[in-house]
Structures are given as structure tokens and as C-alpha cells.
Amino acid sequence: MLWDSGVLDHDELIERIDRIDTDRPGLEHGYTCEVIAREYVQHGVEPQFSVTSMASFGPRLTVAERFWRLTLVESPRVSTAAQCAAWIADHVDWHMRDELSARWGLSFGLACRDRVESLKEVTAAAPEIGAQRDGESRAAFTALFHAGRLRANWNFYDMYRFLDSDLVKLAGPHRGSAIFLALRGFAALGSRAFMYQQGCELLAQAWAAPDRGRSTVELVTNALCVGRPFPGQGKMLMRYANEAVGLYPAYHAMRYWLAFGYTMTGDHRAALDAIDTALELLPTAGWHTGHQALREQYMGFRVDVLRRVALS
């Protein structure tokens with residue numbers, strides 16, 4: 001993290017954040033939030049405001065997300081992720097902490113996929129993380145961050161092994177949560193070391209868990225898209241994806257997984273409708289590089305679907 005000798009006026013920054021127009025969440029909105037987040041980073045100071053809403057374009061949430069993404073990209077270590085977990089515990093309303101931790105942990109892991117600590121390094125850092133205040137929550141978030149890096153690099157077997165590591169054990173009851181069950185199922189479906197039935201059972205447990213949130217739903221559907229082929233995979237994906245769309249109709253990713261399911265079951269025209277809806281729902285605002293990559297991913301998939309429609 002960069003350090004600046006100047007004094008940061010927290011009240012002035014919070015006033016600027018709260019003046020951001022949430023009715024026009026376009027690229028300018030994202031740029032303004034990122035500028036403010038970089039001011040915090042340059043001063044080496046964490047944001048000093050509370051987050052009480054998970055609204056997609058809430059400026060406080062967006063500034064905080066940009067700040068911690070920048071911080072972790074600059075210092076992609078589990079010790080840095082533990083600092084982020086402590087900030088969440090201190091500044092985010094209790095009712096949204098678990099879901100926000102899941103979203104941020106996996107997303108930040110994707111952003112840091114090019115620099116992955118070894119299992120030995122992560123294990124060495126675990127005791128200090130677990131011994132700190134809110135140690136179980138810190139261990140859970142850092143585990144999600146590291147698992148997110150392994151997931152992004154398709155290191156399925158290493159991911160499954162990591163989910164039984166000392167760091168995950170320090171997460172206490174969090175390790176039995178829906179998101180951790182989904183991660184185990186994801187890893188088992190992707191790795192050749194496991195029978196596909198084991199992965200499907202873990203995904204079913206995650207889906208039925210009472211603490212299942214949007215991140216778990218997305219992880220389960222994603223797992224069925226990227227896992228090794230198995231009998232009935234397309235029908236299973238369609239069942240989960242249709243329910244996911246019903247739960248989160250305005251979230252673009254669920255339409256993408258639904259489109260994927262239609263291609264797996266051979267209904268390419270329905271897949272085209274689904275991916276077109278996903279593109280319509282994809283917001284104009286977002287972390288600029290990741291957002292552009294996502295749009296390109298959707299467009300590339302749409303071209304493939306168009307080819308399938310032409311051949312059908």
C-alpha cells in the first residue's frame with residue numbers, strides 16, 4: 001500500500017461519496033468511485049464509513065470494493081485479505097457480512113489469480129490470522145480469497161486439498177456454510193481425482209443449505225458449466241439455472257448460466273434469447289478491466305450460439 005504524508009479529510013471524502021448520483025450508475029459513476037478509492041489507497045488509510053446496503057451501485061459499497069480490490073492487487077497475500085475481513089466486521093452491517101464476504105473473497109481472488117501463494121505459505125500465515133480478533137471470520141474470508149485464486153486458475157485438485165487446510169479449519173462453523181460446500185463441489189466436479197457423484201452431492205447440499213445466498217447459487221451453476229462431462233449434466237444445470245433466474249431475475253450471470261444449459265441440451269434458439277437478455281442486464285458500470293472482459297466473454301459465447309443456430 002502506498003503512503004502519503006498528507007492528511008486525509010475523511011468527512012470531506014464521505015460527503016463526496018454521498019453526493020454521487022446513484023440514479024445514473026454508468027461509467028462516470030464507476031470512475032468517480034475509483035478516484036476516491038485511490039485517494040484512500042495513496043494515503044494508506046482505510047475508508048472510515050459504514051456500509052448498510054448491498055445495492056449494486058451504492059457509492060459507499062462501490063468505493064469500499066474498489067479500495068480493497070486495489071489494495072489486494074497491490075499486496076495479494078492472505079494477510080492482506082485478513083485486513084479486509086476485519087474491515088468488513090467493523091464497517092458492514094451484520095446481516096450482509098457473509099454474502100458480501102463471499103462475493104468479495106471470490107472476486108478478489110479472480111483479480112489476483114496471477115499471484116498465488118503456495119499451500120505452505122498460506123499454512124504458515126494461518127495461526128496469526130486465527131489468533132486475531134474475529135479470527136474465524138478472518139480465516140473464512142482469507143480462505144475464500146485463496147480458493148478464488150485457485151478456482152480462477154482451474155487448480156481443482158489443489159483447491160479441494162486447500163479446503164481441508166489449517167486455514168479453513170480455523171474458520172470454525174464457516175467451513176460448513178453453503179459457500180464452502182459449493183466450493184468443495186466445484187473442486188470435486190473439476191478434478192479427475194473424484195467421482196462426479198461426489199461433486200453433485202456437495203452441490204445439492206449447498207443448494208439446500210438455509211444460508212444459501214447469491215454467491216452460492218452462482219457458484220453451483222458455474223460448477224455445472226465447467227465441470228468434467230457426466231451423464232445428465234445439461235438437465236441438472238437447466239434445473240438449477242431456471243431456479244436461479246427465478247431467484248435473481250435482474251442478475252445477468254444467471255441468464256448466462258441458463259444460456260449455457262440450453263446449449264448443453266441442444267436448444268440453441270432458447271440459448272440465444274438467454275444470452276441476449278444477459279447482455280441487456282449487464283450494467284454499464286463496473287471494474288473497467290474485469291467488466292470489459294465479462295462483456296467480451298458474453299459476446300464470444302453469443303457468436304458461438306449464433307453458429308449453432310445456423311447449423312441447426
# chains A, B, ... in the order shown; residues from 1 in each chain; ligands from 1
call {"tool": "select_by_dssp", "arguments": {"residues": "segment 16-174 of chain A", "states": "alpha helix (DSSP H)", "output": "ChimeraX atom specification"}}
result
/A:16-18,27-43,59-74,78-91,97-111,119-131,135-152,156-162,166-169
call {"tool": "residues_around", "arguments": {"residues": "Phe194 of chain A", "least_positions_apart": "3", "cutoff": "12 Å", "atoms": "only C-alpha atoms", "output": "MDAnalysis selection string"}}
result
chainID A and resid 156:157 160:161 184:191 197:202 227:228
call {"tool": "write_last_selection", "arguments": {"atoms": "C-alpha atoms", "output": "mmCIF file, in the first residue's frame"}}
result
data_model
loop_
_atom_site.group_PDB
_atom_site.id
_atom_site.type_symbol
_atom_site.label_atom_id
_atom_site.label_comp_id
_atom_site.auth_asym_id
_atom_site.auth_seq_id
_atom_site.Cartn_x
_atom_site.Cartn_y
_atom_site.Cartn_z
ATOM 1 C CA PHE A 156 -9.308 -28.004 -8.937
ATOM 2 C CA TYR A 157 -7.356 -30.672 -7.060
ATOM 3 C CA TYR A 160 -10.054 -29.349 -2.868
ATOM 4 C CA ARG A 161 -6.926 -30.056 -0.794
ATOM 5 C CA ARG A 184 -15.920 -28.301 -2.457
ATOM 6 C CA GLY A 185 -18.472 -29.420 -5.023
ATOM 7 C CA PHE A 186 -16.916 -27.133 -7.625
ATOM 8 C CA ALA A 187 -13.469 -28.582 -6.984
ATOM 9 C CA ALA A 188 -14.716 -32.181 -6.971
ATOM 10 C CA LEU A 189 -16.534 -31.777 -10.298
ATOM 11 C CA GLY A 190 -13.481 -30.213 -11.903
ATOM 12 C CA SER A 191 -10.844 -32.657 -10.645
ATOM 13 C CA GLN A 197 -21.412 -38.067 -7.963
ATOM 14 C CA GLN A 198 -19.383 -36.661 -5.064
ATOM 15 C CA GLY A 199 -19.372 -33.196 -6.600
ATOM 16 C CA CYS A 200 -23.093 -33.319 -7.402
ATOM 17 C CA GLU A 201 -23.942 -34.330 -3.843
ATOM 18 C CA LEU A 202 -21.933 -31.454 -2.402
ATOM 19 C CA GLY A 227 -17.034 -29.473 -14.530
ATOM 20 C CA ARG A 228 -15.993 -32.583 -16.401
#
call {"tool": "residues_around", "arguments": {"residues": "segment 245-260 of chain A", "least_positions_apart": "5", "cutoff": "10 Å", "atoms": "only C-alpha atoms", "output": "PyMOL selection string"}}
result
chain A and resi 213-214+217-218+221-225+234+237-240+265-283+294+298+301-302+305
call {"tool": "residues_around", "arguments": {"residues": "segment 12-21 of chain A", "least_positions_apart": "3", "cutoff": "8 Å", "atoms": "only C-alpha atoms", "output": "mmCIF file with N, CA and C atoms, in the first residue's frame"}}
result
data_model
loop_
_atom_site.group_PDB
_atom_site.id
_atom_site.type_symbol
_atom_site.label_atom_id
_atom_site.label_comp_id
_atom_site.auth_asym_id
_atom_site.auth_seq_id
_atom_site.Cartn_x
_atom_site.Cartn_y
_atom_site.Cartn_z
ATOM 1 N N ASP A 9 -8.881 14.095 4.713
ATOM 2 C CA ASP A 9 -10.092 14.632 5.332
ATOM 3 C C ASP A 9 -11.220 13.625 5.108
ATOM 4 N N ARG A 24 -27.810 7.322 -11.966
ATOM 5 C CA ARG A 24 -27.132 7.194 -13.261
ATOM 6 C C ARG A 24 -25.837 6.385 -13.073
ATOM 7 N N PRO A 25 -25.996 5.065 -12.803
ATOM 8 C CA PRO A 25 -24.825 4.233 -12.496
ATOM 9 C C PRO A 25 -24.073 3.783 -13.740
ATOM 10 N N HIS A 29 -20.025 7.040 -12.972
ATOM 11 C CA HIS A 29 -20.227 6.632 -11.581
ATOM 12 C C HIS A 29 -19.053 5.771 -11.106
ATOM 13 N N THR A 32 -15.787 7.830 -10.808
ATOM 14 C CA THR A 32 -15.762 8.700 -9.632
ATOM 15 C C THR A 32 -15.461 7.900 -8.370
ATOM 16 N N CYS A 33 -16.092 6.736 -8.248
ATOM 17 C CA CYS A 33 -15.840 5.886 -7.075
ATOM 18 C C CYS A 33 -14.387 5.416 -7.032
ATOM 19 N N ILE A 36 -11.958 8.199 -5.809
ATOM 20 C CA ILE A 36 -11.991 8.355 -4.352
ATOM 21 C C ILE A 36 -11.290 7.185 -3.677
ATOM 22 N N PHE A 49 -16.182 4.700 6.867
ATOM 23 C CA PHE A 49 -17.627 4.863 6.792
ATOM 24 C C PHE A 49 -18.268 3.485 6.888
ATOM 25 N N PRO A 59 -22.811 4.004 -3.653
ATOM 26 C CA PRO A 59 -21.458 4.561 -3.776
ATOM 27 C C PRO A 59 -20.518 4.147 -2.646
ATOM 28 N N ARG A 60 -21.022 4.026 -1.421
ATOM 29 C CA ARG A 60 -20.135 3.599 -0.327
ATOM 30 C C ARG A 60 -19.640 2.177 -0.566
ATOM 31 N N VAL A 63 -17.081 2.280 -3.497
ATOM 32 C CA VAL A 63 -15.773 2.831 -3.104
ATOM 33 C C VAL A 63 -15.003 1.816 -2.261
#
call {"tool": "residues_around", "arguments": {"residues": "Leu144 of chain A", "least_positions_apart": "3", "cutoff": "7 Å", "atoms": "only C-alpha atoms", "output": "MDAnalysis selection string"}}
result
chainID A and resid 102 105:106 140:141 147:148
call {"tool": "closest_residue", "arguments": {"among": "A:Asp114, A:Glu46, A:Asp90, A:Glu39", "to": "Pro76 of chain A", "atoms": "only C-alpha atoms"}}
result
A:Asp114
call {"tool": "atom_distance", "arguments": {"atom1": "atom CA of Gly172 of chain A", "atom2": "atom CA of Ala143 of chain A"}}
result
11.7 Å
call {"tool": "residues_around", "arguments": {"residues": "segment 120-130 of chain A", "least_positions_apart": "6", "cutoff": "8 Å", "atoms": "only C-alpha atoms", "output": "list in words"}}
result
Val78, Ser79, Ala82, Glu136, Arg138, Ala139, Ser165, Asp166, Leu167, Leu170 and Ala171 of chain A
call {"tool": "residues_around", "arguments": {"residues": "Trp94 of chain A", "least_positions_apart": "6", "cutoff": "12 Å", "atoms": "only C-alpha atoms", "output": "VMD selection string"}}
result
chain A and resid 50 to 54 88 100 to 101 137
call {"tool": "write_last_selection", "arguments": {"atoms": "C-alpha atoms", "output": "CSV table (one decimal), in the first residue's frame"}}
result
chain,number,residue,atom,x,y,z
A,50,SER,CA,-20.3,2.2,7.3
A,51,VAL,CA,-22.0,0.1,4.6
A,52,THR,CA,-25.6,-0.7,5.3
A,53,SER,CA,-26.9,-1.8,1.8
A,54,MET,CA,-26.0,-4.3,-0.8
A,88,ILE,CA,-15.9,-5.9,6.9
A,100,LEU,CA,-20.5,-9.6,0.9
A,101,SER,CA,-17.5,-11.7,2.1
A,137,SER,CA,-14.3,-14.6,10.2
call {"tool": "decode", "arguments": {"residues": "segment 57-166 of chain A", "atoms": "C-alpha atoms", "output": "compact mmCIF listing (two decimals), in the first residue's frame"}}
result
# COMPACT_ATOMS: atom_id res chain seq x y z
CA PHE A 57 -24.40 0.81 -7.25
CA GLY A 58 -24.41 2.15 -3.72
CA PRO A 59 -21.46 4.56 -3.78
CA ARG A 60 -20.14 3.60 -0.33
CA LEU A 61 -20.16 -0.08 -1.22
CA THR A 62 -18.55 0.65 -4.59
CA VAL A 63 -15.77 2.83 -3.10
CA ALA A 64 -15.03 0.20 -0.45
CA GLU A 65 -14.95 -2.57 -3.04
CA ARG A 66 -12.59 -0.58 -5.27
CA PHE A 67 -10.33 0.27 -2.32
CA TRP A 68 -9.91 -3.35 -1.21
CA ARG A 69 -9.50 -4.61 -4.76
CA LEU A 70 -6.72 -2.09 -5.37
CA THR A 71 -5.14 -2.97 -2.03
CA LEU A 72 -5.18 -6.71 -2.67
CA VAL A 73 -3.93 -6.40 -6.24
CA GLU A 74 -1.01 -4.39 -4.85
CA SER A 75 -0.44 -6.84 -1.98
CA PRO A 76 -2.06 -10.19 -2.94
CA ARG A 77 -1.47 -12.09 0.28
CA VAL A 78 -3.79 -13.84 2.71
CA SER A 79 -2.55 -11.46 5.42
CA THR A 80 -3.93 -8.54 3.39
CA ALA A 81 -7.20 -10.40 2.87
CA ALA A 82 -7.42 -10.79 6.66
CA GLN A 83 -7.25 -6.99 6.99
CA CYS A 84 -10.15 -6.72 4.56
CA ALA A 85 -12.12 -9.22 6.66
CA ALA A 86 -11.50 -7.10 9.76
CA TRP A 87 -12.77 -4.02 7.90
CA ILE A 88 -15.95 -5.87 6.92
CA ALA A 89 -16.51 -6.88 10.55
CA ASP A 90 -16.12 -3.27 11.70
CA HIS A 91 -17.93 -1.38 8.94
CA VAL A 92 -20.57 -3.63 7.33
CA ASP A 93 -23.98 -4.39 8.84
CA TRP A 94 -24.06 -7.87 10.32
CA HIS A 95 -26.95 -9.12 8.15
CA MET A 96 -24.96 -8.70 4.92
CA ARG A 97 -21.44 -9.65 6.02
CA ASP A 98 -21.49 -13.31 4.96
CA GLU A 99 -22.79 -12.64 1.45
CA LEU A 100 -20.52 -9.64 0.94
CA SER A 101 -17.54 -11.69 2.14
CA ALA A 102 -18.39 -14.43 -0.36
CA ARG A 103 -18.74 -12.00 -3.26
CA TRP A 104 -15.61 -10.03 -2.45
CA GLY A 105 -13.47 -13.00 -1.48
CA LEU A 106 -14.08 -14.89 -4.73
CA SER A 107 -13.99 -11.75 -6.88
CA PHE A 108 -10.73 -10.50 -5.37
CA GLY A 109 -9.28 -13.99 -5.82
CA LEU A 110 -10.06 -13.77 -9.52
CA ALA A 111 -8.38 -10.35 -9.71
CA CYS A 112 -5.24 -11.80 -8.08
CA ARG A 113 -5.11 -15.07 -10.00
CA ASP A 114 -1.64 -14.29 -11.38
CA ARG A 115 -0.02 -14.33 -7.92
CA VAL A 116 -0.96 -17.35 -5.84
CA GLU A 117 0.76 -18.19 -2.57
CA SER A 118 1.73 -21.81 -2.02
CA LEU A 119 -0.17 -24.00 0.42
CA LYS A 120 2.94 -23.93 2.62
CA GLU A 121 2.89 -20.11 2.72
CA VAL A 122 -0.84 -19.99 3.45
CA THR A 123 -0.50 -22.58 6.21
CA ALA A 124 2.36 -20.63 7.79
CA ALA A 125 0.20 -17.48 7.90
CA ALA A 126 -2.85 -19.26 9.32
CA PRO A 127 -2.04 -19.22 13.08
CA GLU A 128 -1.56 -15.44 13.18
CA ILE A 129 -4.79 -14.88 11.24
CA GLY A 130 -6.77 -17.19 13.51
CA ALA A 131 -5.35 -15.61 16.68
CA GLN A 132 -6.55 -12.11 15.82
CA ARG A 133 -9.86 -10.52 16.76
CA ASP A 134 -12.71 -12.12 14.79
CA GLY A 135 -10.25 -14.87 13.88
CA GLU A 136 -12.87 -17.25 12.48
CA SER A 137 -14.30 -14.59 10.17
CA ARG A 138 -10.82 -13.54 9.07
CA ALA A 139 -9.86 -17.14 8.35
CA ALA A 140 -13.09 -17.69 6.39
CA PHE A 141 -12.60 -14.62 4.21
CA THR A 142 -8.92 -15.32 3.52
CA ALA A 143 -9.87 -18.91 2.64
CA LEU A 144 -12.46 -17.64 0.15
CA PHE A 145 -9.86 -15.31 -1.34
CA HIS A 146 -7.29 -18.07 -1.77
CA ALA A 147 -9.86 -20.56 -3.05
CA GLY A 148 -10.94 -17.88 -5.53
CA ARG A 149 -7.41 -17.71 -6.91
CA LEU A 150 -7.22 -21.48 -7.30
CA ARG A 151 -10.67 -21.58 -8.89
CA ALA A 152 -9.72 -18.84 -11.37
CA ASN A 153 -6.68 -20.88 -12.43
CA TRP A 154 -8.62 -24.16 -12.67
CA ASN A 155 -6.44 -25.75 -10.00
CA PHE A 156 -9.31 -28.00 -8.94
CA TYR A 157 -7.36 -30.67 -7.06
CA ASP A 158 -5.25 -28.09 -5.19
CA MET A 159 -8.45 -26.24 -4.38
CA TYR A 160 -10.05 -29.35 -2.87
CA ARG A 161 -6.93 -30.06 -0.79
CA PHE A 162 -6.82 -26.45 0.38
CA LEU A 163 -10.41 -26.66 1.62
CA ASP A 164 -9.16 -29.14 4.26
CA SER A 165 -6.17 -26.99 5.22
CA ASP A 166 -5.32 -25.45 8.60
